[in-house]
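**Student:** One structure, as structure tokens, below. Some questions next.
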Amino acid sequence: MRTVNIGGKDIGLKATPLALLYYRQEFKSDLIGDLLKMQAIADDPSALDSIAILQVAWAMNKAAEQSKSFPHFESWLDQFEYVDFSDADTMTAIMNEARQGFFRGSAGGGAKRK
């Protein structure tokens, strides 16, 4: 779990299976699939999908908070006065939390092939 500042507000992010579920329920899409599509940003910054990044942040924030009264995406966005997409630290922190939480690789153990 990590904390990032969006629009002057500190929010917690937690990349967990619950975040995957919340993302699917809210956006009718797969978070992992959408993250993989975002990899193009590294080669082409014009491929940035600002809403997709905020959707990932929303799902991880909801997983961190685990509040039954957590707002839907539009209401969640409304709490921020601004979003500074030039703040590389925040954008990197969002993506790093997702990467570290959802793509742990073989180093984390898990099932082994026989």
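Scheme for the structure tokens: letters A, B, ... for chains in order shown; per-chain residue numbers from 1; ligand numbers from 1 in order shown.
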Give the strand (DSSP E) residues of chain A, as DSSP finds them on the backbone, and put them as a PyMOL selection string.
**Tutor:** chain A and resi 2-6+9-13
**Student:** Write out as a list in words which residues come within 10 Å of Lys37 of chain A when counting only C-alpha atoms, dropping same-chain ones fewer than 3 positions away.
**Tutor:** Leu31, Ile32, Gly33, Asp34, Ala40, Ile41, Ala47, Asp49 and Ala52 of chain A
**Student:** Emit the selected residues as a tab-separated table (two decimals), in the first residue's frame, including N, CA and C atoms.
**Tutor:**
```
chain	number	residue	atom	x	y	z
A	31	LEU	N	-9.05	-4.73	-15.31
A	31	LEU	CA	-7.98	-3.82	-14.93
A	31	LEU	C	-6.64	-4.26	-15.50
A	32	ILE	N	-6.31	-5.53	-15.43
A	32	ILE	CA	-5.02	-6.02	-15.94
A	32	ILE	C	-4.93	-5.78	-17.45
A	33	GLY	N	-5.98	-6.11	-18.17
A	33	GLY	CA	-5.99	-5.87	-19.61
A	33	GLY	C	-5.80	-4.40	-19.95
A	34	ASP	N	-6.46	-3.54	-19.19
A	34	ASP	CA	-6.32	-2.11	-19.44
A	34	ASP	C	-4.92	-1.61	-19.09
A	40	ALA	N	1.98	1.21	-23.85
A	40	ALA	CA	2.38	2.00	-25.01
A	40	ALA	C	2.84	3.40	-24.61
A	41	ILE	N	2.45	3.85	-23.44
A	41	ILE	CA	2.83	5.19	-22.98
A	41	ILE	C	4.34	5.34	-22.91
A	47	ALA	N	0.03	8.48	-26.13
A	47	ALA	CA	-0.92	7.38	-25.91
A	47	ALA	C	-1.53	7.43	-24.50
A	49	ASP	N	-3.79	7.78	-21.51
A	49	ASP	CA	-5.23	7.79	-21.29
A	49	ASP	C	-5.44	8.23	-19.85
A	52	ALA	N	-8.14	6.46	-17.80
A	52	ALA	CA	-7.79	5.08	-17.44
A	52	ALA	C	-6.89	5.04	-16.22
```
**Student:** For Phe102 of chain A, which residue out of A:Ile6, A:Ile11, A:Met60, A:Val83 is the nearest one, using only C-alpha atoms?
**Tutor:**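 Ranking A:Ile6, A:Ile11, A:Met60, A:Val83 by distance to Phe102 of chain A, first place goes to A:Met60.
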**Student:** Taking only C-alpha atoms into account, which of A:Ile94, A:Ala64, A:Leu77, A:Leu35 comes nearest Gly7 of chain A?
**Tutor:**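 Ranking A:Ile94, A:Ala64, A:Leu77, A:Leu35 by distance to Gly7 of chain A, first place goes to A:Leu77.
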**Student:** Per DSSP on the backbone, filter segment 15-89 of chain A down to the residues in alpha helix (DSSP H) and report them as a ChimeraX atom specification.
**Tutor:** /A:17-27,31-37,50-65,73-78,88-89
**Student:** May I have the residues within 9 Å of Asp30 of chain A as a list in words, using only C-alpha atoms and disregarding those fewer than 5 positions away in the same chain?
**Tutor:**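 Contacts, with the query itself left out: Leu20, Leu21, Tyr23, Arg24 and Leu35 of chain A.
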**Student:** What lies within 9 Å of Glu97 of chain A using only C-alpha atoms, ignoring chain neighbours under 6 positions off, as a ChimeraX atom specification?
**Tutor:** /A:1-2,13-15,60
**Student:** Would you mind exporting the chosen residues as an mmCIF file, in the first residue's frame, restricted to N, CA, C and O atoms?
**Tutor:**
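Result file follows (out-v2.cif):
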```cif
data_model
loop_
_atom_site.group_PDB
_atom_site.id
_atom_site.type_symbol
_atom_site.label_atom_id
_atom_site.label_comp_id
_atom_site.auth_asym_id
_atom_site.auth_seq_id
_atom_site.Cartn_x
_atom_site.Cartn_y
_atom_site.Cartn_z
ATOM 1 N N MET A 1 0.853 -1.184 0.000
ATOM 2 C CA MET A 1 0.000 0.000 0.000
ATOM 3 C C MET A 1 0.889 1.232 0.000
ATOM 4 O O MET A 1 1.944 1.245 0.607
ATOM 5 N N ARG A 2 0.438 2.230 -0.721
ATOM 6 C CA ARG A 2 1.148 3.506 -0.731
ATOM 7 C C ARG A 2 0.133 4.642 -0.746
ATOM 8 O O ARG A 2 -1.038 4.420 -1.015
ATOM 9 N N LEU A 13 -3.578 3.784 -1.854
ATOM 10 C CA LEU A 13 -3.728 2.871 -2.986
ATOM 11 C C LEU A 13 -3.287 1.485 -2.561
ATOM 12 O O LEU A 13 -2.250 1.335 -1.920
ATOM 13 N N LYS A 14 -4.072 0.489 -2.927
ATOM 14 C CA LYS A 14 -3.718 -0.882 -2.583
ATOM 15 C C LYS A 14 -4.108 -1.802 -3.746
ATOM 16 O O LYS A 14 -5.286 -1.960 -4.060
ATOM 17 N N ALA A 15 -3.105 -2.374 -4.385
ATOM 18 C CA ALA A 15 -3.329 -3.259 -5.528
ATOM 19 C C ALA A 15 -3.590 -4.671 -5.019
ATOM 20 O O ALA A 15 -2.670 -5.420 -4.718
ATOM 21 N N MET A 60 -7.917 1.053 -6.785
ATOM 22 C CA MET A 60 -6.941 0.763 -5.721
ATOM 23 C C MET A 60 -7.240 1.579 -4.468
ATOM 24 O O MET A 60 -7.009 1.108 -3.355
#
```
**Student:** Rank A:Asn96, A:Gly101, A:Lys68, A:Ser75 by their smallest atom-to-atom distance to Ile53 of chain A, using only C-alpha atoms, and report the top residue only.
**Tutor:** A:Asn96
**Student:** Could you name the residues that touch Ser50 of chain A at 12 Å or less, counting only C-alpha atoms, but leaving out those on the same chain fewer than 6 positions away, as a list in words?
**Tutor:**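 Here the answer would be Met38, Ile41, Val56, Ala57, Val83, Asp84, Phe85, Ser86, Met91 and Ile94 of chain A.
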**Student:** Could you tell me how far atom CA of Phe70 of chain A lies from atom CA of Gln39 of chain A, in Å and to one decimal?
**Tutor:**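 If I compute the distance from atom CA of Phe70 of chain A to atom CA of Gln39 of chain A, I get 28.7 Å.
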**Student:** In terms of the shortest atom-to-atom distance over only C-alpha atoms, which of A:Ala98, A:Val4, A:Ala19, A:Ala93 is closest to Lys62 of chain A?
**Tutor:** A:Ala19
